[in-house]
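Containing mmCIF, C-alpha atoms: entry.cif.
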data_run
loop_
_atom_site.group_PDB
_atom_site.id
_atom_site.type_symbol
_atom_site.label_atom_id
_atom_site.label_comp_id
_atom_site.auth_asym_id
_atom_site.auth_seq_id
_atom_site.Cartn_x
_atom_site.Cartn_y
_atom_site.Cartn_z
ATOM 1 C CA MET A 1 -23.710 18.775 -16.997
ATOM 2 C CA LYS A 2 -21.425 19.400 -14.023
ATOM 3 C CA LYS A 3 -18.807 16.742 -13.273
ATOM 4 C CA THR A 4 -18.597 15.518 -9.696
ATOM 5 C CA GLN A 5 -15.053 15.534 -8.385
ATOM 6 C CA ARG A 6 -14.177 12.736 -6.003
ATOM 7 C CA GLN A 7 -12.424 13.485 -2.760
ATOM 8 C CA PRO A 8 -8.808 12.319 -2.651
ATOM 9 C CA LEU A 9 -8.168 9.061 -0.806
ATOM 10 C CA ARG A 10 -6.034 8.995 2.341
ATOM 11 C CA PHE A 11 -3.163 6.489 2.150
ATOM 12 C CA LEU A 12 -0.772 5.350 4.871
ATOM 13 C CA VAL A 13 2.797 4.975 3.577
ATOM 14 C CA ILE A 14 3.788 1.577 4.965
ATOM 15 C CA ALA A 15 7.092 1.198 3.089
ATOM 16 C CA ARG A 16 9.618 3.613 1.689
ATOM 17 C CA THR A 17 13.010 2.221 0.735
ATOM 18 C CA ALA A 18 16.242 4.133 0.443
ATOM 19 C CA PRO A 19 17.550 5.109 -2.996
ATOM 20 C CA GLY A 20 20.025 2.771 -4.635
ATOM 21 C CA ARG A 21 20.291 -0.204 -6.929
ATOM 22 C CA HIS A 22 18.309 -3.220 -5.737
ATOM 23 C CA PRO A 23 16.166 -2.942 -3.830
ATOM 24 C CA HIS A 24 15.183 -0.090 -6.084
ATOM 25 C CA PRO A 25 13.607 2.973 -4.488
ATOM 26 C CA MET A 26 10.047 2.025 -3.668
ATOM 27 C CA GLU A 27 7.068 3.447 -1.849
ATOM 28 C CA VAL A 28 4.039 1.362 -0.887
ATOM 29 C CA ALA A 29 0.921 2.876 0.657
ATOM 30 C CA VAL A 30 -2.475 1.509 1.632
ATOM 31 C CA HIS A 31 -5.867 3.212 1.669
ATOM 32 C CA PRO A 32 -7.632 1.252 4.433
ATOM 33 C CA ALA A 33 -11.301 0.835 3.523
ATOM 34 C CA GLY A 34 -12.154 -2.792 4.222
ATOM 35 C CA ALA A 35 -12.848 -4.778 1.050
ATOM 36 C CA ALA A 36 -12.630 -1.505 -0.937
ATOM 37 C CA SER A 37 -9.027 -0.876 0.208
ATOM 38 C CA ARG A 38 -6.439 0.154 -2.361
ATOM 39 C CA VAL A 39 -2.667 -0.177 -2.602
ATOM 40 C CA SER A 40 -0.471 2.455 -4.204
ATOM 41 C CA ILE A 41 3.044 1.576 -5.321
ATOM 42 C CA SER A 42 5.768 3.739 -6.785
ATOM 43 C CA VAL A 43 8.990 2.147 -8.027
ATOM 44 C CA GLY A 44 12.161 3.863 -9.184
ATOM 45 C CA PRO A 45 13.849 7.226 -8.643
ATOM 46 C CA HIS A 46 11.474 10.180 -8.492
ATOM 47 C CA PRO A 47 12.086 11.704 -11.958
ATOM 48 C CA VAL A 48 11.433 8.415 -13.768
ATOM 49 C CA ASN A 49 9.392 6.348 -11.342
ATOM 50 C CA ALA A 50 6.577 4.067 -12.379
ATOM 51 C CA GLY A 51 3.590 3.458 -10.234
ATOM 52 C CA GLY A 52 -0.031 2.737 -9.913
ATOM 53 C CA GLN A 53 -2.950 1.924 -7.693
ATOM 54 C CA VAL A 54 -4.674 -1.429 -7.448
ATOM 55 C CA THR A 55 -7.353 -2.964 -5.320
ATOM 56 C CA LEU A 56 -6.067 -4.704 -2.214
ATOM 57 C CA SER A 57 -7.545 -7.952 -3.533
ATOM 58 C CA ALA A 58 -5.079 -7.759 -6.452
ATOM 59 C CA VAL A 59 -2.179 -7.880 -3.986
ATOM 60 C CA LEU A 60 -3.501 -10.957 -2.186
ATOM 61 C CA ASP A 61 -3.580 -14.524 -3.442
ATOM 62 C CA GLY A 62 -6.700 -16.146 -4.891
ATOM 63 C CA SER A 63 -7.883 -17.367 -1.503
ATOM 64 C CA ARG A 64 -7.306 -13.888 -0.003
ATOM 65 C CA THR A 65 -5.321 -15.490 2.832
ATOM 66 C CA GLY A 66 -1.828 -14.414 1.828
ATOM 67 C CA LEU A 67 0.281 -12.445 -0.599
ATOM 68 C CA ASP A 68 -0.005 -13.052 -4.349
ATOM 69 C CA PRO A 69 3.342 -14.504 -5.510
ATOM 70 C CA LEU A 70 3.591 -11.734 -8.132
ATOM 71 C CA TRP A 71 4.137 -9.261 -5.291
ATOM 72 C CA GLU A 72 6.710 -11.363 -3.430
ATOM 73 C CA LYS A 73 9.833 -9.557 -4.749
ATOM 74 C CA ASP A 74 8.374 -6.117 -4.042
ATOM 75 C CA PHE A 75 7.382 -7.071 -0.497
ATOM 76 C CA ASP A 76 10.832 -8.618 0.027
ATOM 77 C CA ALA A 77 12.579 -5.462 -1.220
ATOM 78 C CA ALA A 78 10.404 -3.219 0.956
ATOM 79 C CA GLU A 79 10.632 -5.534 4.005
ATOM 80 C CA LEU A 80 6.844 -5.432 4.036
ATOM 81 C CA HIS A 81 5.817 -9.001 4.877
ATOM 82 C CA TRP A 82 4.911 -7.844 8.398
ATOM 83 C CA ALA A 83 1.871 -6.084 6.909
ATOM 84 C CA VAL A 84 0.362 -9.090 5.091
ATOM 85 C CA PRO A 85 -1.717 -10.414 8.037
ATOM 86 C CA TYR A 86 -3.212 -6.931 8.524
ATOM 87 C CA LEU A 87 -3.950 -6.612 4.801
ATOM 88 C CA VAL A 88 -5.670 -10.017 4.739
ATOM 89 C CA ARG A 89 -7.896 -8.992 7.647
ATOM 90 C CA LEU A 90 -8.516 -5.594 6.068
ATOM 91 C CA GLN A 91 -9.676 -7.275 2.845
ATOM 92 C CA ALA A 92 -12.010 -9.438 4.947
ATOM 93 C CA GLY A 93 -13.715 -6.277 6.193
ATOM 94 C CA GLU A 94 -11.945 -5.687 9.506
ATOM 95 C CA ASP A 95 -10.667 -2.210 10.354
ATOM 96 C CA THR A 96 -6.972 -2.845 10.992
ATOM 97 C CA THR A 97 -5.882 0.771 10.504
ATOM 98 C CA ASP A 98 -4.843 1.335 14.132
ATOM 99 C CA GLU A 99 -2.985 -1.983 14.180
ATOM 100 C CA ILE A 100 -1.122 -1.122 10.969
ATOM 101 C CA VAL A 101 -0.118 2.259 12.415
ATOM 102 C CA ALA A 102 0.987 0.636 15.705
ATOM 103 C CA ALA A 103 3.001 -2.100 13.952
ATOM 104 C CA TYR A 104 4.653 0.416 11.614
ATOM 105 C CA THR A 105 5.460 2.716 14.549
ATOM 106 C CA ALA A 106 6.982 -0.172 16.524
ATOM 107 C CA ARG A 107 9.218 -1.035 13.555
ATOM 108 C CA HIS A 108 10.234 2.507 12.556
ATOM 109 C CA GLY A 109 9.851 4.671 15.653
ATOM 110 C CA THR A 110 7.369 7.045 14.004
ATOM 111 C CA ALA A 111 3.865 6.800 12.616
ATOM 112 C CA PRO A 112 3.555 6.209 8.866
ATOM 113 C CA ALA A 113 3.361 9.239 6.616
ATOM 114 C CA THR A 114 -0.006 10.088 5.135
ATOM 115 C CA ILE A 115 -0.465 10.933 1.466
ATOM 116 C CA PHE A 116 -3.568 11.804 -0.517
ATOM 117 C CA GLN A 117 -4.242 10.549 -4.038
ATOM 118 C CA ALA A 118 -7.168 10.606 -6.397
ATOM 119 C CA ARG A 119 -8.577 7.149 -7.054
ATOM 120 C CA TYR A 120 -7.256 5.794 -10.336
ATOM 121 C CA GLY A 121 -6.510 2.488 -11.988
ATOM 122 C CA VAL A 122 -8.513 -0.683 -11.539
#
Can the structure from this file be put into structure tokens for me?
Amino acid sequence: MKKTQRQPLRFLVIARTAPGRHPHPMEVAVHPAGAASRVSISVGPHPVNAGGQVTLSAVLDGSRTGLDPLWEKDFDAAELHWAVPYLVRLQAGEDTTDEIVAAYTARHGTAPATIFQARYGV
């Protein structure tokens, strides 16, 4: 039986902190796909970083109207609270991709980087 290989998912890198102590180096990316959206996070210096992918719903609170408190420190460190309203709407099924790109560009002067990852994790 031939295994079907999934296409890699396209993620927008919406946070990438500078190296250093705290906030520790961190990269946060989102694969915008409505309620099926995923968040990828990588924490720590490249040779020993830890990371994973989770569903967007795991990043939001139980009512899906704000950030889950477990993610508060990471979003603080990455100065990423600006993205929460877009993520809430994305989880609700809206396509906020262009708005996320525009908001990121307004904050940083360039469009967010794009990375590709295989789907993994929960």
Expansion of the PyMOL selection byres ((chain A and resi 3-18) around 7) into residues, as a PyMOL selection string = chain A and resi 1-2+19-20+25-31+78+80+104+112-119
What lies within 10 Å of region 71-76 of chain A using all atoms listed in the file, ignoring chain neighbours under 5 positions off, as number ranges by chain?
-> A: 15, 23-24, 26-28, 41, 43, 58-61, 81-84
Take the residues that were just selected and, keeping C-alpha atoms, output them as a PDB file, keeping the file's coordinate frame.
ATOM      1  CA  ALA A  15       7.092   1.198   3.089  1.00  0.00           C
ATOM      2  CA  PRO A  23      16.166  -2.942  -3.830  1.00  0.00           C
ATOM      3  CA  HIS A  24      15.183  -0.090  -6.084  1.00  0.00           C
ATOM      4  CA  MET A  26      10.047   2.025  -3.668  1.00  0.00           C
ATOM      5  CA  GLU A  27       7.068   3.447  -1.849  1.00  0.00           C
ATOM      6  CA  VAL A  28       4.039   1.362  -0.887  1.00  0.00           C
ATOM      7  CA  ILE A  41       3.044   1.576  -5.321  1.00  0.00           C
ATOM      8  CA  VAL A  43       8.990   2.147  -8.027  1.00  0.00           C
ATOM      9  CA  ALA A  58      -5.079  -7.759  -6.452  1.00  0.00           C
ATOM     10  CA  VAL A  59      -2.179  -7.880  -3.986  1.00  0.00           C
ATOM     11  CA  LEU A  60      -3.501 -10.957  -2.186  1.00  0.00           C
ATOM     12  CA  ASP A  61      -3.580 -14.524  -3.442  1.00  0.00           C
ATOM     13  CA  HIS A  81       5.817  -9.001   4.877  1.00  0.00           C
ATOM     14  CA  TRP A  82       4.911  -7.844   8.398  1.00  0.00           C
ATOM     15  CA  ALA A  83       1.871  -6.084   6.909  1.00  0.00           C
ATOM     16  CA  VAL A  84       0.362  -9.090   5.091  1.00  0.00           C
TER      17      VAL A  84
END
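Straight-line separation from CA of Leu90 (chain A) to CA of Gln53 (chain A): 16.6 Å.
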Counting all atoms listed in the file, the residue of A:Val88, A:Ala77, A:Ala106, A:Thr55 that sits nearest Ser37 (chain A) | A:Thr55
Go ahead and compute the interatomic distance for CA of Arg64 (chain A) and CA of Ala111 (chain A), in Å to one decimal.
-> 26.7 Å
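Relative to CA of Ala102 (chain A), CA of Gly44 (chain A) is found at 27.5 Å.
Closest approach to Val54 (chain A) among A:Ala35, A:Arg89, A:Pro69, A:Gly121: A:Gly121, based on all atoms listed in the file.
Closest to Glu99 (chain A) among A:Pro32, A:Val39, A:Glu79, A:Leu70 is A:Pro32, based on only C-alpha atoms.
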Given all atoms listed in the file as the counted atoms, nearest of A:Gly52, A:Gly66, A:Pro45, A:Gly109 to Ala92 (chain A) | A:Gly66
